[in-house]
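Data block for start24.cif (mmCIF, C-alpha atoms):
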```cif
data_data
#
loop_
_atom_site.label_atom_id
_atom_site.label_comp_id
_atom_site.auth_asym_id
_atom_site.auth_seq_id
_atom_site.Cartn_x
_atom_site.Cartn_y
_atom_site.Cartn_z
CA MET Q 11 -86.07 20.79 17.93
CA PRO Q 12 -85.63 24.11 19.84
CA GLN Q 13 -87.85 26.95 18.70
CA THR Q 14 -87.88 30.72 19.28
CA LEU Q 15 -90.01 33.63 18.22
CA PRO Q 16 -89.60 35.58 14.97
CA LEU Q 17 -88.53 39.20 15.30
CA SER Q 18 -92.03 40.47 14.50
CA VAL Q 19 -94.50 40.21 11.68
CA ASN Q 20 -93.28 43.54 10.31
CA ALA Q 21 -89.54 43.00 10.67
CA PRO Q 22 -87.51 42.45 7.50
CA ALA Q 23 -85.88 39.06 7.05
CA ILE Q 24 -82.43 38.65 8.57
CA GLN Q 25 -79.90 38.05 5.80
CA TRP Q 26 -76.14 38.67 5.84
CA TYR Q 27 -73.61 37.30 3.38
CA PRO Q 28 -70.90 39.94 2.84
CA GLY Q 29 -68.39 39.66 0.04
CA HIS Q 30 -65.48 38.63 2.27
CA ILE Q 31 -67.39 35.52 3.40
CA ALA Q 32 -68.19 34.49 -0.17
CA LYS Q 33 -64.54 35.00 -1.16
CA ALA Q 34 -63.25 33.13 1.89
CA GLU Q 35 -65.55 30.18 1.26
CA LYS Q 36 -64.06 29.77 -2.21
CA ALA Q 37 -60.57 29.78 -0.69
CA LEU Q 38 -61.77 27.34 1.96
CA ASN Q 39 -63.00 24.88 -0.66
CA ALA Q 40 -59.63 25.14 -2.42
CA ASN Q 41 -57.78 24.21 0.80
CA LEU Q 42 -60.00 21.37 2.00
CA ALA Q 43 -57.89 18.72 0.26
CA LYS Q 44 -54.93 19.73 2.48
CA VAL Q 45 -56.88 19.31 5.73
CA ASP Q 46 -56.90 16.15 7.90
CA LEU Q 47 -59.13 17.35 10.73
CA VAL Q 48 -62.04 19.81 11.01
CA ILE Q 49 -62.37 21.59 14.37
CA GLU Q 50 -65.87 23.01 14.30
CA VAL Q 51 -66.60 25.78 16.80
CA ARG Q 52 -70.17 26.59 17.84
CA ASP Q 53 -71.72 29.00 20.33
CA ALA Q 54 -72.70 27.09 23.50
CA ARG Q 55 -75.77 29.30 23.90
CA ILE Q 56 -77.11 28.20 20.49
CA PRO Q 57 -75.44 24.93 19.43
CA LEU Q 58 -77.98 24.16 16.71
CA ALA Q 59 -78.31 27.64 15.23
CA THR Q 60 -74.51 27.76 14.77
CA SER Q 61 -74.40 24.46 12.89
CA HIS Q 62 -73.60 25.05 9.20
CA PRO Q 63 -75.73 23.05 6.72
CA ARG Q 64 -72.66 22.41 4.53
CA LEU Q 65 -70.63 20.94 7.37
CA GLN Q 66 -70.91 17.31 6.28
CA ARG Q 67 -69.73 18.23 2.79
CA TRP Q 68 -66.68 19.99 4.24
CA ILE Q 69 -65.87 17.12 6.58
CA SER Q 70 -66.24 14.52 3.81
CA GLY Q 71 -64.69 11.62 5.73
CA LYS Q 72 -62.18 13.76 7.65
CA GLN Q 73 -61.94 13.56 11.42
CA HIS Q 74 -64.20 16.03 13.22
CA LEU Q 75 -63.96 17.69 16.64
CA LEU Q 76 -67.02 19.61 17.82
CA VAL Q 77 -66.20 22.53 20.13
CA LEU Q 78 -68.88 24.38 22.09
CA ASN Q 79 -67.32 27.70 23.07
CA ARG Q 80 -68.52 30.16 25.72
CA VAL Q 81 -69.40 27.39 28.16
CA ASP Q 82 -69.22 30.04 30.90
CA MET Q 83 -72.32 31.71 29.43
CA ILE Q 84 -74.73 28.80 29.98
CA PRO Q 85 -75.87 27.11 33.20
CA PRO Q 86 -74.07 23.83 34.07
CA PRO Q 87 -77.27 21.72 33.73
CA VAL Q 88 -77.57 22.87 30.12
CA ARG Q 89 -74.03 21.73 29.43
CA GLN Q 90 -74.86 18.32 30.85
CA ALA Q 91 -78.08 18.10 28.81
CA TRP Q 92 -76.34 19.00 25.55
CA THR Q 93 -73.50 16.56 26.27
CA ALA Q 94 -76.05 13.76 26.60
CA TRP Q 95 -77.95 14.97 23.52
CA PHE Q 96 -74.86 15.00 21.32
CA ARG Q 97 -73.73 11.66 22.71
CA ALA Q 98 -77.07 10.23 21.55
CA GLN Q 99 -76.13 11.52 18.07
CA ASP Q 100 -72.78 9.64 18.34
CA GLN Q 101 -70.97 12.98 18.67
CA THR Q 102 -68.48 13.92 21.41
CA CYS Q 103 -68.41 17.63 22.22
CA TRP Q 104 -65.53 19.59 23.73
CA TRP Q 105 -66.54 22.47 26.00
CA CYS Q 106 -64.35 25.58 26.03
CA ASP Q 107 -64.16 29.13 27.25
CA ALA Q 108 -61.57 30.60 24.91
CA LYS Q 109 -61.48 33.86 26.86
CA ALA Q 110 -60.41 32.18 30.12
CA GLY Q 111 -58.71 29.18 28.54
CA THR Q 112 -61.05 26.58 30.08
CA GLY Q 113 -61.02 23.30 28.15
CA VAL Q 114 -58.36 24.43 25.66
CA LYS Q 115 -55.71 21.95 26.82
CA GLN Q 116 -58.14 19.06 26.50
CA LEU Q 117 -59.06 20.18 22.98
CA GLN Q 118 -55.39 20.41 22.01
CA GLN Q 119 -54.76 16.90 23.32
CA ALA Q 120 -57.74 15.58 21.33
CA ALA Q 121 -56.37 17.19 18.15
CA ILE Q 122 -52.91 15.71 18.79
CA ARG Q 123 -54.43 12.26 19.33
CA ALA Q 124 -56.18 12.65 15.99
CA GLY Q 125 -52.79 13.45 14.46
CA GLU Q 126 -51.22 10.38 16.05
CA ALA Q 127 -53.94 8.20 14.55
CA LEU Q 128 -53.35 9.85 11.16
CA ASN Q 129 -49.60 9.25 11.32
CA ALA Q 130 -50.10 5.65 12.40
CA ARG Q 131 -52.05 5.10 9.19
CA ARG Q 132 -49.38 6.93 7.19
CA ALA Q 133 -46.68 4.75 8.72
CA GLY Q 134 -48.65 1.67 7.75
CA ARG Q 135 -48.43 2.84 4.14
CA GLY Q 136 -44.70 3.50 4.42
CA MET Q 137 -45.11 7.31 4.63
CA LYS Q 138 -43.28 9.67 6.98
CA PRO Q 139 -45.15 11.31 9.89
CA ARG Q 140 -46.09 14.98 9.67
CA PRO Q 141 -48.10 17.52 11.74
CA VAL Q 142 -51.86 17.11 11.54
CA ARG Q 143 -53.48 19.86 9.44
CA ALA Q 144 -56.62 21.12 11.18
CA LEU Q 145 -59.20 23.56 9.87
CA MET Q 146 -60.82 25.84 12.49
CA LEU Q 147 -64.35 26.37 11.18
CA GLY Q 148 -67.50 28.07 12.45
CA PHE Q 149 -69.96 30.94 12.20
CA PRO Q 150 -68.73 34.53 12.66
CA ASN Q 151 -67.86 35.61 16.20
CA VAL Q 152 -68.13 32.19 17.86
CA GLY Q 153 -64.57 32.54 19.19
CA LYS Q 154 -62.39 30.72 16.64
CA SER Q 155 -59.56 33.26 16.63
CA ALA Q 156 -59.56 33.59 20.42
CA LEU Q 157 -59.36 29.81 20.64
CA ILE Q 158 -56.39 29.70 18.26
CA ASN Q 159 -54.59 32.36 20.30
CA ARG Q 160 -55.15 30.24 23.42
CA LEU Q 161 -53.87 27.12 21.70
CA VAL Q 162 -50.73 28.91 20.48
CA ARG Q 163 -50.39 30.80 23.80
CA GLN Q 164 -49.84 34.11 22.10
CA LYS Q 165 -51.84 36.52 19.96
CA VAL Q 166 -51.18 35.32 16.43
CA VAL Q 167 -54.58 36.21 14.91
CA ASP Q 168 -56.85 39.20 15.48
CA SER Q 169 -59.81 38.63 17.79
CA ALA Q 170 -62.69 40.89 18.82
CA ARG Q 171 -66.25 40.63 20.11
CA ARG Q 172 -67.90 41.30 16.76
CA ALA Q 173 -68.56 39.41 13.56
CA GLY Q 174 -66.28 39.71 10.54
CA VAL Q 175 -62.84 40.35 12.10
CA THR Q 176 -61.10 37.45 10.33
CA ARG Q 177 -61.37 38.01 6.56
CA SER Q 178 -58.85 35.62 4.99
CA LEU Q 179 -57.43 32.14 5.57
CA ARG Q 180 -54.17 31.78 7.48
CA TRP Q 181 -52.06 28.81 8.58
CA VAL Q 182 -50.72 28.85 12.14
CA ARG Q 183 -48.09 26.39 13.44
CA LEU Q 184 -48.84 24.88 16.87
CA GLY Q 185 -45.66 23.12 17.98
CA GLN Q 186 -44.46 20.12 16.01
CA ASP Q 187 -47.75 18.27 16.08
CA LEU Q 188 -50.44 20.57 14.70
CA ASP Q 189 -50.95 23.13 11.94
CA LEU Q 190 -54.14 25.19 12.20
CA LEU Q 191 -55.93 26.87 9.32
CA ASP Q 192 -57.89 29.85 10.66
CA ALA Q 193 -60.86 30.61 8.38
CA PRO Q 194 -63.25 33.57 8.46
CA GLY Q 195 -66.68 32.90 9.91
CA VAL Q 196 -68.85 31.15 7.35
CA LEU Q 197 -72.60 31.52 6.89
CA PRO Q 198 -75.05 29.93 4.48
CA PRO Q 199 -75.63 32.23 1.48
CA ARG Q 200 -79.27 32.42 2.58
CA LEU Q 201 -80.69 32.05 6.09
CA ASP Q 202 -83.93 30.17 5.47
CA ASP Q 203 -84.57 29.45 9.16
CA GLN Q 204 -85.40 32.91 10.47
CA GLN Q 205 -85.81 31.68 14.04
CA ALA Q 206 -82.20 30.45 13.93
CA ALA Q 207 -81.22 33.77 12.32
CA LEU Q 208 -82.80 35.59 15.26
CA ARG Q 209 -80.71 33.58 17.70
CA LEU Q 210 -77.58 34.44 15.69
CA ALA Q 211 -78.51 38.12 15.96
CA LEU Q 212 -79.17 37.96 19.70
CA CYS Q 213 -75.81 36.25 20.32
CA ASP Q 214 -73.98 38.70 18.02
CA ASP Q 215 -72.93 35.84 15.72
CA ILE Q 216 -73.97 37.74 12.59
CA GLY Q 217 -73.17 41.25 11.34
CA GLN Q 218 -75.25 43.98 12.99
CA ALA Q 219 -76.16 45.39 9.59
CA ALA Q 220 -78.44 42.36 9.15
CA TYR Q 221 -81.08 43.37 11.70
CA ASP Q 222 -82.72 46.17 13.64
CA ASN Q 223 -81.62 46.41 17.28
CA GLU Q 224 -85.02 47.49 18.57
CA ALA Q 225 -86.81 44.61 16.84
CA ALA Q 226 -84.18 42.15 18.09
CA ALA Q 227 -84.46 43.47 21.67
CA LEU Q 228 -88.27 43.18 21.60
CA ALA Q 229 -88.00 39.58 20.41
CA PHE Q 230 -85.41 38.89 23.12
CA LEU Q 231 -87.75 40.19 25.81
CA GLN Q 232 -90.52 37.94 24.50
CA LEU Q 233 -88.13 35.01 24.49
CA LEU Q 234 -87.04 35.68 28.08
CA THR Q 235 -90.63 35.35 29.31
CA LEU Q 236 -90.85 31.92 27.64
CA LEU Q 237 -87.45 30.75 28.89
CA GLU Q 238 -88.31 31.86 32.44
CA ALA Q 239 -90.74 28.93 32.51
CA GLN Q 240 -87.81 26.58 31.71
CA PRO Q 241 -85.64 26.58 34.88
CA ALA Q 242 -82.69 24.94 33.09
CA ALA Q 243 -82.36 27.94 30.74
CA GLY Q 244 -81.03 30.13 33.55
CA VAL Q 245 -83.54 33.02 33.42
CA ALA Q 246 -84.11 34.04 37.03
CA PRO Q 247 -87.72 34.86 37.99
CA GLY Q 248 -88.35 38.58 37.60
CA LEU Q 249 -84.94 39.05 35.95
CA VAL Q 250 -85.98 42.00 33.78
CA GLU Q 251 -87.55 43.96 36.65
CA LYS Q 252 -84.63 43.24 38.99
CA ARG Q 253 -82.09 44.39 36.40
CA TYR Q 254 -83.84 47.49 35.05
CA GLY Q 255 -86.40 48.40 37.71
CA ILE Q 256 -89.32 48.19 35.28
CA PRO Q 257 -91.83 45.29 35.49
CA LEU Q 258 -92.63 43.53 32.24
CA GLY Q 259 -96.42 43.89 32.12
CA ALA Q 260 -98.85 41.84 30.09
CA LEU Q 261 -101.03 42.79 27.14
CA GLY Q 262 -104.76 42.10 27.06
CA GLY Q 263 -104.13 38.79 25.30
CA GLY Q 264 -101.75 37.65 28.03
CA GLY Q 265 -98.43 38.15 26.19
CA PRO Q 266 -95.72 40.49 27.50
CA ASP Q 267 -96.05 44.19 26.66
CA VAL Q 268 -92.49 44.43 25.35
CA GLU Q 269 -93.00 47.68 23.45
CA GLY Q 270 -94.48 49.37 26.50
CA TRP Q 271 -91.61 48.06 28.61
CA LEU Q 272 -88.98 49.33 26.19
CA ALA Q 273 -90.52 52.81 26.17
CA ALA Q 274 -90.70 52.93 29.98
CA ALA Q 275 -87.17 51.59 30.39
CA ALA Q 276 -85.87 54.11 27.86
CA ASP Q 277 -87.51 56.96 29.81
CA ARG Q 278 -85.78 55.75 32.96
CA HIS Q 279 -82.32 54.78 31.66
CA THR Q 280 -81.58 56.44 28.30
CA SER Q 281 -83.43 59.77 28.30
CA GLY Q 282 -86.23 58.32 26.18
CA ASP Q 283 -83.91 56.90 23.49
CA SER Q 284 -85.46 53.50 22.75
CA LEU Q 285 -82.67 52.47 20.36
CA ARG Q 286 -80.02 53.06 23.01
CA MET Q 287 -82.12 51.12 25.50
CA ALA Q 288 -82.57 48.24 23.08
CA THR Q 289 -78.82 48.15 22.46
CA LYS Q 290 -78.19 48.18 26.21
CA VAL Q 291 -80.47 45.16 26.74
CA LEU Q 292 -78.74 43.21 23.95
CA ASP Q 293 -75.27 44.11 25.23
CA ASP Q 294 -76.23 43.08 28.77
CA PHE Q 295 -77.18 39.63 27.48
CA ARG Q 296 -74.12 39.30 25.24
CA CYS Q 297 -71.76 40.25 28.07
CA ALA Q 298 -73.54 37.91 30.54
CA ARG Q 299 -74.62 40.79 32.78
CA LEU Q 300 -78.05 39.12 32.86
CA GLY Q 301 -76.42 35.89 34.02
CA ALA Q 302 -75.74 32.62 32.20
CA ILE Q 303 -78.67 32.11 29.82
CA ALA Q 304 -79.11 29.41 27.17
CA LEU Q 305 -81.28 30.31 24.18
CA GLU Q 306 -81.48 26.68 23.04
CA LEU Q 307 -82.15 23.58 25.10
CA PRO Q 308 -82.28 19.98 23.89
CA ALA Q 309 -85.84 19.00 22.93
CA LEU Q 310 -87.18 22.37 24.10
CA GLU Q 311 -90.51 23.24 22.50
CA LEU Q 312 -91.74 26.83 22.68
CA PRO Q 313 -94.93 28.26 21.16
CA SER Q 314 -94.30 29.83 17.74
#
```
Reformat the file's structure so that it appears as structure tokens.
Amino acid sequence: MPQTLPLSVNAPAIQWYPGHIAKAEKALNANLAKVDLVIEVRDARIPLATSHPRLQRWISGKQHLLVLNRVDMIPPPVRQAWTAWFRAQDQTCWWCDAKAGTGVKQLQQAAIRAGEALNARRAGRGMKPRPVRALMLGFPNVGKSALINRLVRQKVVDSARRAGVTRSLRWVRLGQDLDLLDAPGVLPPRLDDQQAALRLALCDDIGQAAYDNEAAALAFLQLLTLLEAQPAAGVAPGLVEKRYGIPLGALGGGGPDVEGWLAAAADRHTSGDSLRMATKVLDDFRCARLGAIALELPALELPS
């Protein structure tokens, strides 16, 4: 199972469960009986951290399509490794880049095929065919709304690069074959796995009120040094120094001096403002300015 580092021994726990998510989850449970298909969207950089523990309860015998969005933000070998890993779990995954539209047509065709299978069963019971009703489900900010807009080929739901934009459920008609239910991002009421919570924070898949940017950036720098030793992850040797002009030195115990680096980088780039520098580092990762980097790899073991 992939592992990462905690924020720090002094950092508060990452927890975020705003009222609109709690309210939306109640509405979601009320609509599940109307749904034939669950289209689950995860972040390709962290496929396991964006897996909801209640998923199997929500699927409950319904057909399930697993979508890994932001495929452009991970190296191709990681995509291949995850494809094989999920196949070993008897799960087919559909890779998409909702921003560019990559993989969207294939996903649409898979959903329509699911609808055809549904209507074949309905016909066998003497019932009339109807559009398949699909629920678009996933953590905040994994790209559900952008994916719906791509499927419909017009902006029918609001989409932005931050968590919490979608706040209520909405049905969207996709031609004559598919009705989509767009749901707000859902999170467990409590994030017990704080290493997974850290990955959600780094990928901006949780509200920014849940964590401290400086602590998250320091943890990210530590994580980069570990991932650099895993070529498949996509961290180029010396990436931090090449990007910011400041080498990431080591402490006496051998670990990276991330606090010293942040102070030096802030002096050079943000007039000594370490919070601004931390935010810059996180934004550079989130916008792929550091390159395509995967924070989770199949069967990757990192020291905790």
Neighbours of point (-53.7, 30.0, 24.6) within 10 Å, using all atoms listed in the file, written as a list in words: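 Protein and nucleic acid residues near the point are Ala108, Lys109, Ala110, Gly111, Thr112, Val114, Lys115, Ala156, Leu157, Ile158, Asn159, Arg160, Leu161, Val162, Arg163, Gln164 and Lys165 of chain Q.
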Report the residues retrieved by the PyMOL selection byres ((chain Q and resi 143) around 7) from the displayed file, expressed as a list of chain:residue names. Q:Val45, Q:Asp46, Q:Leu47, Q:Pro141, Q:Val142, Q:Ala144, Q:Leu145, Q:Leu188, Q:Asp189, Q:Leu190
Using atom CA of Q:Met83 and atom CA of Q:Phe230 as the two end points, give the distance in Å to one decimal.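 Separation of atom CA of Q:Met83 and atom CA of Q:Phe230: 16.2 Å.
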Chain and number of each residue from the PyMOL selection byres ((chain Q and resi 284-289) around 9), as a list in words: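 Answer for the PyMOL selection byres ((chain Q and resi 284-289) around 9): Asn223, Glu224, Ala225, Ala226, Ala227, Leu228, Leu272, Ala273, Ala274, Ala275, Ala276, Asp277, His279, Thr280, Ser281, Gly282, Asp283, Lys290, Val291, Leu292, Asp293 and Asp294 of chain Q.
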Wanna dump the stretch 26-81 of chain Q-stretch 203-222 of chain Q contacts at 10 Å for me, each residue with its shortest atom pair and the distance in Å to one decimal, counting all atoms listed in the file, ordered by chain and number, as CSV?
```
residue,atom,partner,partner_atom,distance
Q:Trp26,CA,Q:Ala220,CA,5.5
Q:Tyr27,CA,Q:Gly217,CA,8.9
Q:Pro28,CA,Q:Gly217,CA,8.9
Q:Arg52,CA,Q:Asp215,CA,9.9
Q:Asp53,CA,Q:Cys213,CA,8.3
Q:Arg55,CA,Q:Cys213,CA,7.8
Q:Ile56,CA,Q:Arg209,CA,7.0
Q:Leu58,CA,Q:Ala206,CA,8.1
Q:Ala59,CA,Q:Ala206,CA,5.0
Q:Thr60,CA,Q:Leu210,CA,7.4
Q:Ser61,CA,Q:Ala206,CA,9.9
```
Between atom CA of Q:Pro247 and atom CA of Q:Ala298, what is the distance in Å, rounded to a tenth?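 If I compute the distance from atom CA of Q:Pro247 to atom CA of Q:Ala298, I get 16.3 Å.
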Which residues, named as in the file, does the PyMOL selection byres ((chain Q and resi 90-103) around 9) pick out? Answer as a PyMOL selection string. chain Q and resi 57+75-78+86-89+104-105+307-309
Using Å and a single decimal, report how far atom CA of Q:Ile84 sits from atom CA of Q:Gly259. 26.5 Å
Residue contacts of stretch 146-149 of chain Q (7 Å, only C-alpha atoms) excluding same-chain residues fewer than 4 positions away, as a list in words: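 Result of the neighbour search: Val48, Ile49, Glu50, Val51, Arg52, Thr60, Lys154, Leu190, Leu191, Asp192, Ala193, Gly195, Val196, Leu197 and Asp215 of chain Q.
Each of Q:Asn129, Q:Ser155, Q:Gln240, Q:Ser70 was compared to Q:Glu306 using all atoms listed in the file, and Q:Gln240 turns out to be the nearest.
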Between Q:Ile256, Q:His74, Q:Pro194, Q:Leu201, which is the closest to Q:Lys36 once you count only C-alpha atoms? Q:Pro194
